[in-house]
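The data block below is run-v8.cif; it holds mmCIF, C-alpha atoms and all ligand atoms.
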data_input
#
loop_
_atom_site.group_PDB
_atom_site.id
_atom_site.type_symbol
_atom_site.label_atom_id
_atom_site.label_comp_id
_atom_site.auth_asym_id
_atom_site.auth_seq_id
_atom_site.Cartn_x
_atom_site.Cartn_y
_atom_site.Cartn_z
ATOM 1 C CA MET Q 7 -37.202 35.174 -0.460
ATOM 2 C CA LYS Q 8 -34.003 37.183 -0.316
ATOM 3 C CA LYS Q 9 -30.910 35.241 -1.324
ATOM 4 C CA LEU Q 10 -29.061 34.153 1.787
ATOM 5 C CA SER Q 11 -25.512 35.320 2.262
ATOM 6 C CA ILE Q 12 -22.877 35.131 4.986
ATOM 7 C CA PRO Q 13 -22.795 38.338 7.083
ATOM 8 C CA LYS Q 14 -19.563 40.318 6.868
ATOM 9 C CA TYR Q 15 -18.557 39.749 10.502
ATOM 10 C CA ARG Q 16 -18.920 36.011 9.979
ATOM 11 C CA LEU Q 17 -16.649 36.168 6.924
ATOM 12 C CA ASP Q 18 -14.012 37.823 9.128
ATOM 13 C CA TYR Q 19 -14.528 35.096 11.682
ATOM 14 C CA ILE Q 20 -14.092 32.368 9.029
ATOM 15 C CA GLU Q 21 -10.854 34.051 7.966
ATOM 16 C CA LYS Q 22 -9.515 34.019 11.510
ATOM 17 C CA VAL Q 23 -10.541 30.429 12.236
ATOM 18 C CA LEU Q 24 -9.008 29.287 8.960
ATOM 19 C CA LYS Q 25 -5.745 31.005 9.757
ATOM 20 C CA ASP Q 26 -5.599 29.285 13.150
ATOM 21 C CA TYR Q 27 -6.456 25.971 11.516
ATOM 22 C CA ILE Q 28 -3.659 26.344 8.938
ATOM 23 C CA ASP Q 29 -1.169 27.121 11.727
ATOM 24 C CA ARG Q 30 -2.368 24.329 13.936
ATOM 25 C CA TYR Q 31 -2.113 21.634 11.280
ATOM 26 C CA GLN Q 32 1.029 23.157 9.814
ATOM 27 C CA ILE Q 33 -0.265 23.414 6.292
ATOM 28 C CA LYS Q 34 2.688 24.898 4.437
ATOM 29 C CA ASP Q 35 2.009 24.326 0.824
ATOM 30 C CA TRP Q 36 -0.823 23.722 -1.558
ATOM 31 C CA PRO Q 37 -2.655 21.711 -2.857
ATOM 32 C CA VAL Q 38 -4.396 20.477 0.264
ATOM 33 C CA ASP Q 39 -5.967 17.041 0.696
ATOM 34 C CA CYS Q 40 -8.832 17.379 3.185
ATOM 35 C CA VAL Q 41 -9.455 13.645 3.567
ATOM 36 C CA ALA Q 42 -5.816 13.291 4.615
ATOM 37 C CA LEU Q 43 -6.311 16.280 6.927
ATOM 38 C CA LEU Q 44 -9.281 14.603 8.597
ATOM 39 C CA GLY Q 45 -7.036 11.566 9.033
ATOM 40 C CA LYS Q 46 -4.457 13.793 10.680
ATOM 41 C CA MET Q 47 -7.068 15.280 13.023
ATOM 42 C CA ALA Q 48 -8.180 11.767 13.972
ATOM 43 C CA ARG Q 49 -4.592 10.649 14.552
ATOM 44 C CA LEU Q 50 -3.661 13.657 16.649
ATOM 45 C CA LYS Q 51 -7.012 13.473 18.472
ATOM 46 C CA SER Q 52 -7.086 17.219 18.325
ATOM 47 C CA PRO Q 53 -9.964 17.620 18.473
ATOM 48 C CA PRO Q 54 -11.032 13.991 19.083
ATOM 49 C CA THR Q 55 -12.301 12.989 15.652
ATOM 50 C CA LYS Q 56 -13.511 9.760 14.092
ATOM 51 C CA VAL Q 57 -13.933 9.306 10.355
ATOM 52 C CA ARG Q 58 -15.855 6.545 8.607
ATOM 53 C CA VAL Q 59 -17.614 5.717 5.379
ATOM 54 C CA GLU Q 60 -21.153 4.359 5.547
ATOM 55 C CA SER Q 61 -23.545 2.862 3.032
ATOM 56 C CA GLY Q 62 -27.287 3.461 3.022
ATOM 57 C CA MET Q 63 -27.171 7.232 3.555
ATOM 58 C CA HIS Q 64 -29.642 9.444 1.709
ATOM 59 C CA LYS Q 65 -28.586 9.611 -1.933
ATOM 60 C CA ASP Q 66 -28.137 13.401 -1.933
ATOM 61 C CA THR Q 67 -26.018 13.511 1.209
ATOM 62 C CA ASP Q 68 -22.257 13.644 0.673
ATOM 63 C CA ALA Q 69 -21.324 13.460 4.334
ATOM 64 C CA CYS Q 70 -22.391 14.583 7.760
ATOM 65 C CA THR Q 71 -20.690 15.262 11.051
ATOM 66 C CA ILE Q 72 -22.096 14.499 14.462
ATOM 67 C CA TYR Q 73 -20.835 15.894 17.731
ATOM 68 C CA HIS Q 74 -21.000 13.464 20.647
ATOM 69 C CA LYS Q 75 -21.269 15.769 23.606
ATOM 70 C CA LYS Q 76 -20.324 13.342 26.359
ATOM 71 C CA ALA Q 77 -17.243 12.006 24.613
ATOM 72 C CA ARG Q 78 -16.507 15.431 23.104
ATOM 73 C CA LEU Q 79 -15.980 13.559 19.869
ATOM 74 C CA TYR Q 80 -16.634 14.630 16.298
ATOM 75 C CA GLU Q 81 -17.728 11.849 14.005
ATOM 76 C CA VAL Q 82 -17.454 12.496 10.287
ATOM 77 C CA ILE Q 83 -19.459 10.065 8.182
ATOM 78 C CA PHE Q 84 -19.091 9.937 4.402
ATOM 79 C CA ASN Q 85 -21.737 8.490 2.097
ATOM 80 C CA LYS Q 86 -20.124 5.405 0.522
ATOM 81 C CA ASP Q 87 -21.906 6.008 -2.797
ATOM 82 C CA ARG Q 88 -20.467 9.486 -3.095
ATOM 83 C CA PHE Q 89 -17.057 8.981 -1.552
ATOM 84 C CA SER Q 90 -14.053 8.602 -3.907
ATOM 85 C CA TYR Q 91 -10.583 8.431 -2.511
ATOM 86 C CA PRO Q 92 -7.875 8.788 -3.691
ATOM 87 C CA TYR Q 93 -9.173 11.276 -6.224
ATOM 88 C CA LYS Q 94 -8.708 10.123 -9.778
ATOM 89 C CA ARG Q 95 -11.215 12.019 -11.909
ATOM 90 C CA SER Q 96 -12.602 15.549 -11.627
ATOM 91 C CA LYS Q 97 -15.801 14.062 -10.151
ATOM 92 C CA ASP Q 98 -13.850 12.331 -7.355
ATOM 93 C CA ARG Q 99 -12.327 15.605 -6.237
ATOM 94 C CA ARG Q 100 -15.743 16.623 -5.032
ATOM 95 C CA THR Q 101 -14.926 14.417 -2.032
ATOM 96 C CA ASN Q 102 -12.031 16.748 -1.183
ATOM 97 C CA PHE Q 103 -14.416 19.694 -1.033
ATOM 98 C CA THR Q 104 -16.906 17.673 1.019
ATOM 99 C CA ALA Q 105 -14.159 16.844 3.527
ATOM 100 C CA GLY Q 106 -13.158 20.531 3.664
ATOM 101 C CA HIS Q 107 -16.816 21.430 4.252
ATOM 102 C CA GLU Q 108 -17.069 19.015 7.203
ATOM 103 C CA ILE Q 109 -13.794 20.352 8.629
ATOM 104 C CA GLY Q 110 -15.390 23.789 8.307
ATOM 105 C CA HIS Q 111 -18.381 22.724 10.426
ATOM 106 C CA ILE Q 112 -15.994 21.410 13.106
ATOM 107 C CA ALA Q 113 -13.583 24.348 13.078
ATOM 108 C CA LEU Q 114 -16.339 26.977 13.015
ATOM 109 C CA GLY Q 115 -18.079 25.428 16.014
ATOM 110 C CA HIS Q 116 -21.353 24.718 14.213
ATOM 111 C CA LEU Q 117 -21.946 21.353 15.796
ATOM 112 C CA GLU Q 118 -21.955 21.952 19.508
ATOM 113 C CA LEU Q 119 -25.453 23.384 19.422
ATOM 114 C CA ASP Q 120 -28.152 20.945 18.330
ATOM 115 C CA SER Q 121 -29.553 21.988 14.939
ATOM 116 C CA LYS Q 122 -33.075 21.525 16.333
ATOM 117 C CA LEU Q 123 -32.416 24.665 18.363
ATOM 118 C CA LYS Q 124 -31.548 26.701 15.263
ATOM 119 C CA THR Q 125 -33.827 28.357 12.748
ATOM 120 C CA ARG Q 126 -33.894 27.023 9.195
ATOM 121 C CA GLN Q 127 -32.125 30.152 8.053
ATOM 122 C CA GLU Q 128 -29.340 29.714 10.623
ATOM 123 C CA VAL Q 129 -28.781 26.157 9.448
ATOM 124 C CA LEU Q 130 -28.629 27.272 5.816
ATOM 125 C CA ILE Q 131 -26.116 29.988 6.623
ATOM 126 C CA GLU Q 132 -23.945 27.449 8.406
ATOM 127 C CA GLU Q 133 -23.934 25.396 5.222
ATOM 128 C CA LEU Q 134 -22.757 28.449 3.276
ATOM 129 C CA GLU Q 135 -20.087 29.099 5.904
ATOM 130 C CA ALA Q 136 -18.763 25.536 5.710
ATOM 131 C CA ASP Q 137 -18.601 25.876 1.913
ATOM 132 C CA GLU Q 138 -16.772 29.167 2.250
ATOM 133 C CA PHE Q 139 -14.286 27.621 4.689
ATOM 134 C CA ALA Q 140 -13.624 24.714 2.288
ATOM 135 C CA ALA Q 141 -13.226 27.042 -0.688
ATOM 136 C CA ARG Q 142 -10.718 29.248 1.139
ATOM 137 C CA LEU Q 143 -8.829 26.270 2.518
ATOM 138 C CA LEU Q 144 -8.501 24.510 -0.839
ATOM 139 C CA MET Q 145 -8.271 27.578 -3.080
ATOM 140 C CA PRO Q 146 -6.704 30.474 -1.156
ATOM 141 C CA LYS Q 147 -6.463 33.732 -3.101
ATOM 142 C CA ASP Q 148 -2.688 33.553 -3.448
ATOM 143 C CA LEU Q 149 -2.978 30.177 -5.091
ATOM 144 C CA VAL Q 150 -5.867 31.194 -7.322
ATOM 145 C CA PHE Q 151 -4.023 34.346 -8.405
ATOM 146 C CA THR Q 152 -0.727 32.595 -9.162
ATOM 147 C CA CYS Q 153 -1.852 29.933 -11.572
ATOM 148 C CA SER Q 154 -1.295 30.218 -15.297
ATOM 149 C CA TYR Q 155 -4.643 28.629 -16.285
ATOM 150 C CA SER Q 156 -2.921 27.196 -19.349
ATOM 151 C CA SER Q 157 -5.530 24.479 -18.980
ATOM 152 C CA PHE Q 158 -8.595 24.915 -16.774
ATOM 153 C CA SER Q 159 -9.061 21.218 -16.130
ATOM 154 C CA ASP Q 160 -5.377 20.740 -15.243
ATOM 155 C CA THR Q 161 -5.562 23.717 -12.884
ATOM 156 C CA ALA Q 162 -8.553 22.228 -11.063
ATOM 157 C CA ALA Q 163 -6.730 18.884 -10.915
ATOM 158 C CA TYR Q 164 -3.646 20.604 -9.503
ATOM 159 C CA MET Q 165 -5.746 22.180 -6.731
ATOM 160 C CA LYS Q 166 -7.471 18.834 -6.121
ATOM 161 C CA VAL Q 167 -10.912 20.320 -6.645
ATOM 162 C CA SER Q 168 -13.614 19.668 -9.226
ATOM 163 C CA GLN Q 169 -13.872 22.042 -12.144
ATOM 164 C CA SER Q 170 -17.211 23.315 -10.878
ATOM 165 C CA ALA Q 171 -15.710 24.146 -7.470
ATOM 166 C CA LEU Q 172 -12.962 26.178 -9.129
ATOM 167 C CA LYS Q 173 -15.501 27.912 -11.369
ATOM 168 C CA ARG Q 174 -17.575 28.856 -8.336
ATOM 169 C CA ARG Q 175 -14.542 30.147 -6.451
ATOM 170 C CA LEU Q 176 -13.486 32.352 -9.372
ATOM 171 C CA ALA Q 177 -17.028 33.681 -9.659
ATOM 172 C CA ASN Q 178 -17.171 34.462 -5.932
ATOM 173 C CA LEU Q 179 -13.871 36.292 -6.146
ATOM 174 C CA ASP Q 180 -15.119 38.010 -9.296
ATOM 175 C CA ARG Q 181 -11.969 36.878 -11.105
ATOM 176 C CA GLN Q 182 -13.188 34.851 -14.063
ATOM 177 C CA ASP Q 183 -10.866 37.080 -16.082
ATOM 178 C CA LEU Q 184 -7.955 34.933 -14.862
ATOM 179 C CA VAL Q 185 -9.073 32.132 -17.134
ATOM 180 C CA LEU Q 186 -9.702 34.389 -20.103
ATOM 181 C CA ARG Q 187 -6.484 36.384 -19.983
ATOM 182 C CA ARG Q 188 -3.544 35.584 -22.211
ATOM 183 C CA ARG Q 189 -2.233 32.267 -21.060
ATOM 184 C CA GLU Q 190 1.141 32.549 -19.460
ATOM 185 C CA ARG Q 191 4.090 30.297 -20.116
ATOM 186 C CA ALA Q 192 5.470 28.839 -16.913
ATOM 187 C CA CYS Q 193 8.035 26.173 -16.150
ATOM 188 C CA PRO Q 194 6.157 23.073 -14.951
ATOM 189 C CA VAL Q 195 8.891 22.271 -12.425
ATOM 190 C CA CYS Q 196 9.619 25.575 -10.680
ATOM 191 C CA GLY Q 197 6.842 27.883 -11.938
ATOM 192 C CA ASN Q 198 9.238 30.504 -13.292
ATOM 193 C CA LYS Q 199 7.728 32.566 -16.088
ATOM 194 C CA THR Q 200 10.626 34.813 -17.010
ATOM 195 C CA PHE Q 201 12.893 33.602 -19.772
ATOM 196 C CA SER Q 202 15.359 35.325 -22.055
ATOM 197 C CA MET Q 203 14.371 35.486 -25.688
ATOM 198 C CA PHE Q 204 16.162 32.342 -26.829
ATOM 199 C CA ALA Q 205 16.347 30.394 -23.595
ATOM 200 C CA SER Q 206 16.714 26.656 -24.085
ATOM 201 C CA PHE Q 207 16.741 25.954 -20.357
ATOM 202 C CA CYS Q 208 14.872 27.354 -17.391
ATOM 203 C CA PRO Q 209 17.282 29.703 -15.581
ATOM 204 C CA ILE Q 210 15.790 28.755 -12.203
ATOM 205 C CA CYS Q 211 15.640 24.943 -12.231
ATOM 206 C CA GLY Q 212 17.584 24.065 -15.384
ATOM 207 C CA ARG Q 213 14.774 22.142 -17.082
ATOM 208 C CA ASP Q 214 14.873 21.936 -20.879
ATOM 209 C CA THR Q 215 12.272 24.466 -22.113
ATOM 210 C CA ARG Q 216 11.653 22.398 -25.233
ATOM 211 C CA LEU Q 217 9.864 19.903 -22.994
ATOM 212 C CA GLY Q 218 7.097 22.473 -22.694
ATOM 213 C CA LEU Q 219 6.191 25.509 -20.608
ATOM 214 C CA ASN Q 220 2.731 24.465 -19.568
ATOM 215 C CA GLY Q 221 3.237 24.873 -15.801
ATOM 216 C CA ILE Q 222 0.169 25.577 -13.708
ATOM 217 C CA ARG Q 223 1.544 27.276 -10.631
ATOM 218 C CA VAL Q 224 3.453 30.473 -11.355
ATOM 219 C CA ARG Q 225 6.144 31.488 -8.888
ATOM 220 C CA PHE Q 226 8.247 34.558 -8.694
ATOM 221 C CA TYR Q 227 11.985 34.361 -8.130
ATOM 222 C CA PRO Q 228 13.499 37.724 -7.230
ATOM 223 C CA ASP Q 229 16.835 38.806 -8.635
ATOM 224 C CA LEU Q 230 19.086 37.987 -5.718
ATOM 225 C CA ILE Q 231 21.978 39.664 -7.466
ATOM 226 C CA ARG Q 232 20.912 42.933 -9.022
ATOM 227 C CA LEU Q 233 22.327 43.517 -12.491
ATOM 228 C CA ASP Q 234 22.445 46.511 -14.810
ATOM 229 C CA ARG Q 235 21.127 46.326 -18.368
ATOM 230 C CA TYR Q 236 24.434 44.931 -19.574
ATOM 231 C CA LYS Q 237 23.975 42.124 -17.040
ATOM 232 C CA ARG Q 238 26.797 43.366 -14.785
ATOM 233 C CA ALA Q 239 26.313 43.096 -11.043
ATOM 234 C CA LEU Q 240 25.724 46.481 -9.428
ATOM 235 C CA ALA Q 241 27.560 45.391 -6.296
ATOM 236 C CA CYS Q 242 29.999 42.525 -5.821
ATOM 237 C CA PRO Q 243 28.088 39.523 -4.396
ATOM 238 C CA LEU Q 244 31.157 38.498 -2.376
ATOM 239 C CA CYS Q 245 32.784 41.659 -1.012
ATOM 240 C CA GLY Q 246 29.919 44.083 -1.573
ATOM 241 C CA MET Q 247 31.995 46.633 -3.469
ATOM 242 C CA ASP Q 248 30.091 49.052 -5.674
ATOM 243 C CA LEU Q 249 30.861 47.837 -9.213
ATOM 244 C CA ARG Q 250 29.280 50.605 -11.242
ATOM 245 C CA ASP Q 251 32.645 52.058 -12.297
ATOM 246 C CA ASN Q 252 34.492 48.752 -12.234
ATOM 247 C CA LYS Q 253 36.713 48.046 -15.247
ATOM 248 C CA GLY Q 254 37.028 44.531 -16.637
ATOM 249 C CA GLU Q 255 34.979 41.445 -15.888
ATOM 250 C CA ARG Q 256 36.193 40.823 -12.354
ATOM 251 C CA CYS Q 257 35.693 42.803 -9.165
ATOM 252 C CA SER Q 258 38.871 44.846 -8.792
ATOM 253 C CA LEU Q 259 38.898 44.211 -5.047
ATOM 254 C CA CYS Q 260 38.280 40.450 -4.698
ATOM 255 C CA GLY Q 261 38.374 39.075 -8.223
ATOM 256 C CA THR Q 262 34.788 37.790 -8.335
ATOM 257 C CA LEU Q 263 33.291 37.812 -11.819
ATOM 258 C CA ILE Q 264 30.816 40.638 -12.274
ATOM 259 C CA PHE Q 265 28.661 38.619 -14.677
ATOM 260 C CA ASN Q 266 26.569 35.579 -13.779
ATOM 261 C CA PHE Q 267 28.324 33.563 -16.450
ATOM 262 C CA CYS Q 268 27.686 29.974 -17.384
ATOM 263 C CA ILE Q 269 30.088 27.883 -15.321
ATOM 264 C CA SER Q 270 31.601 26.383 -18.478
ATOM 265 C CA TYR Q 271 33.017 29.807 -19.281
ATOM 266 C CA LEU Q 272 35.568 29.122 -16.527
ATOM 267 C CA ARG Q 273 36.040 25.456 -17.387
ATOM 268 C CA ASP Q 274 36.176 24.566 -21.062
ATOM 269 C CA GLY Q 275 34.953 27.881 -22.483
ATOM 270 C CA SER Q 276 32.225 26.083 -24.408
ATOM 271 C CA CYS Q 277 29.530 28.544 -23.322
ATOM 272 C CA SER Q 278 29.991 32.149 -22.264
ATOM 273 C CA PHE Q 279 26.394 33.218 -21.769
ATOM 274 C CA ALA Q 280 25.809 35.900 -19.126
ATOM 275 C CA ASN Q 281 22.699 34.931 -17.183
ATOM 276 C CA PRO Q 282 20.106 36.935 -15.218
ATOM 277 C CA GLY Q 283 20.540 37.752 -11.536
ATOM 278 C CA ASN Q 284 18.247 34.975 -10.348
ATOM 279 C CA ALA Q 285 19.667 32.261 -12.634
ATOM 280 C CA ARG Q 286 20.854 29.069 -10.980
ATOM 281 C CA PHE Q 287 21.349 27.539 -14.404
ATOM 282 C CA CYS Q 288 22.553 28.730 -17.752
ATOM 283 C CA GLU Q 289 19.662 29.525 -20.061
ATOM 284 C CA MET Q 290 21.655 28.402 -23.090
ATOM 285 C CA CYS Q 291 23.153 25.076 -22.007
ATOM 286 C CA GLY Q 292 21.529 24.192 -18.674
ATOM 287 C CA ARG Q 293 24.770 23.934 -16.713
ATOM 288 C CA PRO Q 294 25.014 25.726 -13.344
ATOM 289 C CA SER Q 295 25.566 29.462 -13.300
ATOM 290 C CA TYR Q 296 28.667 30.980 -11.764
ATOM 291 C CA TYR Q 297 26.830 32.735 -8.911
ATOM 292 C CA TYR Q 298 24.907 29.568 -8.089
ATOM 293 C CA GLU Q 299 28.032 27.413 -8.126
ATOM 294 C CA LYS Q 300 29.738 29.933 -5.819
ATOM 295 C CA GLY Q 301 26.783 29.811 -3.432
ATOM 296 C CA TYR Q 302 25.799 33.468 -3.862
ATOM 297 C CA ILE Q 303 22.369 32.301 -5.004
ATOM 298 C CA GLY Q 304 20.650 29.548 -3.007
ATOM 299 C CA PRO Q 305 18.715 26.562 -4.370
ATOM 300 C CA TRP Q 306 15.449 27.518 -6.072
ATOM 301 C CA GLN Q 307 13.503 25.053 -3.897
ATOM 302 C CA GLU Q 308 14.230 27.260 -0.910
ATOM 303 C CA ALA Q 309 13.435 30.501 -2.689
ATOM 304 C CA SER Q 310 10.059 29.177 -3.795
ATOM 305 C CA ARG Q 311 8.839 28.315 -0.333
ATOM 306 C CA ASN Q 312 6.752 31.443 -0.263
ATOM 307 C CA ARG Q 313 3.838 30.875 2.049
ATOM 308 C CA ILE Q 314 0.343 31.266 0.860
ATOM 309 C CA SER Q 315 -1.871 33.571 2.822
ATOM 310 C CA ASN Q 316 -5.580 33.764 2.427
HETATM 311 ZN ZN ZN K 1 -22.837 20.870 5.855
HETATM 312 ZN ZN ZN K 2 12.114 25.860 -14.036
HETATM 313 ZN ZN ZN K 3 34.397 41.765 -4.805
HETATM 314 ZN ZN ZN K 4 25.905 27.807 -20.679
#

Could you rewrite the structure in this file as structure tokens?
Ligand SMILES: [Zn+2]
Ligand SMILES: [Zn+2]
Ligand SMILES: [Zn+2]
Ligand SMILES: [Zn+2]
Amino acid sequence: MKKLSIPKYRLDYIEKVLKDYIDRYQIKDWPVDCVALLGKMARLKSPPTKVRVESGMHKDTDACTIYHKKARLYEVIFNKDRFSYPYKRSKDRRTNFTAGHEIGHIALGHLELDSKLKTRQEVLIEELEADEFAARLLMPKDLVFTCSYSSFSDTAAYMKVSQSALKRRLANLDRQDLVLRRRERACPVCGNKTFSMFASFCPICGRDTRLGLNGIRVRFYPDLIRLDRYKRALACPLCGMDLRDNKGERCSLCGTLIFNFCISYLRDGSCSFANPGNARFCEMCGRPSYYYEKGYIGPWQEASRNRISN
């Protein structure tokens, strides 16, 4: 028998439904907890959903969802022997995928038609579709592509999926190379991966780099103030004047420093390091940078709120 696969037009449909789902439940950042999401659906009654855990289900069944036509109610039932929440070990995180799979059945409209009216092949394809929905919900491409994979098991834990689910996702995306490539250093707090040669502190969040750069999620922080190779601002961040021919270390028009100095340069002079154009903190001593202190660069937490798209 030919290996079953999801037809292309159905993949497009899954993509669209997932996008609507993410908007509707206001999922803004990852990782995603699908058991909590089911709880949210039940609370909001949109659609009317009931969730329970039952013992005595078939030993190979993780969960099932029933649609009660009259009440227009979805009932998600987890197998007690296979349900683990909250997730503690890699094995438990299988429950997260199971919950995502059941959400997939609901969102994709698989349940309204009685499965007795479907062919065996149709039912099997729906199972693949629910898996695909769960995989994309829990491991969207942007997330998968922006992890450092410094540790595979930690990366799976971060995404709240089992290691086998992550392996499968990477295989489906044909991106197993992500795990094999040179492991990137990334700040575990902010995800920044760009550091000056001798940086002792993360220029984005100020964390001491000696505590380790084993971050999982890599994030990009653009240079908000563009600098030349001598670390001078190209334009004044306050008055906007072109500084390329400016003499001295202050803007000749408004007096703003043209370097993103360590703030202590102005205070006690103990550190005079000129920092990059996205630095909120001094890479040498961890104190705030001049442009951050002046408010020309906003807090990193705001800059990092880049949305994930599928
Ligand atoms: Zn299923
Ligand atoms: Zn950082
Ligand atoms: Zn100026
Ligand atoms: Zn400093």

Enumerate, as a PyMOL selection string, the residues matched when the PyMOL selection byres (((not hetatm)) within 7 of (chain K and resi 3)) is run on the file above. chain Q and resi 242-247+257-262

Resolved residues for the PyMOL selection byres (((chain Q and resi 184-191) around 8) and not hetatm) as JSON, numbers by chain: {"Q": [151, 154, 155, 156, 158, 181, 182, 183, 192, 193, 199, 219, 220, 221]}

List, as number ranges by chain, every residue that the PyMOL selection byres (((chain Q and resi 270) around 12) and not hetatm) selects in the file provided. Q: 266-269, 271-280, 287-288, 290-296, 299

With a distance cut-off of 12 Å and all atoms listed in the file, select the neighbouring residues of segment 80-85 of chain Q, excluding the residue or stretch itself and same-chain residues fewer than 5 positions from it, and output the selection as number ranges by chain. Q: 41, 44-45, 47-48, 51-75, 90-91, 101-102, 104-113, 115-118

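Between Ile20 of chain Q and the candidates Q:Asp251, Q:Glu308, Q:Asp137, Q:Asp35, the tightest atom-to-atom separation, counting only C-alpha atoms, involves Q:Asp137.
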
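Nearest residue to Arg175 of chain Q, choosing from Q:Phe103, Q:Tyr227, Q:Tyr15, Q:Phe204 and counting all atoms listed in the file: Q:Phe103.
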
Select from chain Q every residue with an atom at most 7 Å from any atom of ligand ZN 2 (chain K), then for each give the shortest pair of atoms and their distance in Å to one decimal, using all atoms listed in the file, rows by chain and rising number, as a tab-separated table.
residue	atom	partner	partner_atom	distance
Q:Cys193	CA	K:ZN2	ZN	4.6
Q:Pro194	CA	K:ZN2	ZN	6.6
Q:Val195	CA	K:ZN2	ZN	5.1
Q:Cys196	CA	K:ZN2	ZN	4.2
Q:Gly197	CA	K:ZN2	ZN	6.0
Q:Asn198	CA	K:ZN2	ZN	5.5
Q:Cys208	CA	K:ZN2	ZN	4.6
Q:Pro209	CA	K:ZN2	ZN	6.6
Q:Ile210	CA	K:ZN2	ZN	5.0
Q:Cys211	CA	K:ZN2	ZN	4.1
Q:Gly212	CA	K:ZN2	ZN	5.9
Q:Arg213	CA	K:ZN2	ZN	5.5

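Proximity of Q:Asp39, Q:Asp120, Q:Asp214, Q:Glu133 to Ile12 of chain Q, computed with all atoms listed in the file, is greatest for Q:Glu133.
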
Ser170 of chain Q environment, 10 Å, all atoms listed in the file, sequence neighbours closer than 5 positions dropped, as number ranges by chain: Q: 96-97, 100, 159, 162, 175-176

C-alpha atoms of the current selection, written as a compact mmCIF listing (two decimals), in the coordinates of the input:
# COMPACT_ATOMS: atom_id res chain seq x y z
CA SER Q 96 -12.60 15.55 -11.63
CA LYS Q 97 -15.80 14.06 -10.15
CA ARG Q 100 -15.74 16.62 -5.03
CA SER Q 159 -9.06 21.22 -16.13
CA ALA Q 162 -8.55 22.23 -11.06
CA ARG Q 175 -14.54 30.15 -6.45
CA LEU Q 176 -13.49 32.35 -9.37

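Distance-wise, atom CA of Leu240 of chain Q and atom CA of Arg225 of chain Q end up 24.7 Å apart.
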
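Atom CA of Asp26 of chain Q lies 18.9 Å from atom CA of Lys14 of chain Q.
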
Can you tell me, as lines of an AutoDock Vina configuration file, the centre and edge lengths (Å, one decimal) of the axis-aligned box enclosing all of segment 286-301 of chain Q's listed atoms after padding each side by 4 Å?
center_x = 24.7
center_y = 28.3
center_z = -13.3
size_x = 18.1
size_y = 16.8
size_z = 27.7

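The space between atom CA of Phe207 of chain Q and atom CA of Glu255 of chain Q spans 24.3 Å.
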
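Distance check against ligand ZN 4 (chain K) using only C-alpha atoms and all ligand atoms: of Q:Ala205, Q:Ile28, Q:Ala141, Q:Ile264, the minimum falls on Q:Ala205.
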
Final N, CA and C atoms of segment 165-176 of chain Q as a PDB file, in the frame of the given file:
ATOM      1  N   MET Q 165      -5.233  21.728  -8.032  1.00  0.00           N
ATOM      2  CA  MET Q 165      -5.746  22.180  -6.731  1.00  0.00           C
ATOM      3  C   MET Q 165      -6.520  21.088  -6.005  1.00  0.00           C
ATOM      4  N   LYS Q 166      -6.694  19.958  -6.665  1.00  0.00           N
ATOM      5  CA  LYS Q 166      -7.471  18.834  -6.121  1.00  0.00           C
ATOM      6  C   LYS Q 166      -8.921  19.227  -5.852  1.00  0.00           C
ATOM      7  N   VAL Q 167      -9.486  20.000  -6.750  1.00  0.00           N
ATOM      8  CA  VAL Q 167     -10.912  20.320  -6.645  1.00  0.00           C
ATOM      9  C   VAL Q 167     -11.582  20.021  -7.984  1.00  0.00           C
ATOM     10  N   SER Q 168     -12.900  19.897  -7.973  1.00  0.00           N
ATOM     11  CA  SER Q 168     -13.614  19.668  -9.226  1.00  0.00           C
ATOM     12  C   SER Q 168     -13.616  20.975 -10.022  1.00  0.00           C
ATOM     13  N   GLN Q 169     -13.856  20.837 -11.318  1.00  0.00           N
ATOM     14  CA  GLN Q 169     -13.872  22.042 -12.144  1.00  0.00           C
ATOM     15  C   GLN Q 169     -14.999  22.985 -11.713  1.00  0.00           C
ATOM     16  N   SER Q 170     -16.108  22.418 -11.276  1.00  0.00           N
ATOM     17  CA  SER Q 170     -17.211  23.315 -10.878  1.00  0.00           C
ATOM     18  C   SER Q 170     -16.867  24.064  -9.592  1.00  0.00           C
ATOM     19  N   ALA Q 171     -16.107  23.437  -8.694  1.00  0.00           N
ATOM     20  CA  ALA Q 171     -15.710  24.146  -7.470  1.00  0.00           C
ATOM     21  C   ALA Q 171     -14.787  25.320  -7.805  1.00  0.00           C
ATOM     22  N   LEU Q 172     -13.875  25.096  -8.734  1.00  0.00           N
ATOM     23  CA  LEU Q 172     -12.962  26.178  -9.129  1.00  0.00           C
ATOM     24  C   LEU Q 172     -13.732  27.298  -9.837  1.00  0.00           C
ATOM     25  N   LYS Q 173     -14.670  26.911 -10.683  1.00  0.00           N
ATOM     26  CA  LYS Q 173     -15.501  27.912 -11.369  1.00  0.00           C
ATOM     27  C   LYS Q 173     -16.243  28.781 -10.362  1.00  0.00           C
ATOM     28  N   ARG Q 174     -16.820  28.143  -9.352  1.00  0.00           N
ATOM     29  CA  ARG Q 174     -17.575  28.856  -8.336  1.00  0.00           C
ATOM     30  C   ARG Q 174     -16.670  29.807  -7.552  1.00  0.00           C
ATOM     31  N   ARG Q 175     -15.477  29.316  -7.211  1.00  0.00           N
ATOM     32  CA  ARG Q 175     -14.542  30.147  -6.451  1.00  0.00           C
ATOM     33  C   ARG Q 175     -14.156  31.397  -7.246  1.00  0.00           C
ATOM     34  N   LEU Q 176     -13.859  31.202  -8.536  1.00  0.00           N
ATOM     35  CA  LEU Q 176     -13.486  32.352  -9.372  1.00  0.00           C
ATOM     36  C   LEU Q 176     -14.650  33.334  -9.496  1.00  0.00           C
TER      37      LEU Q 176
END
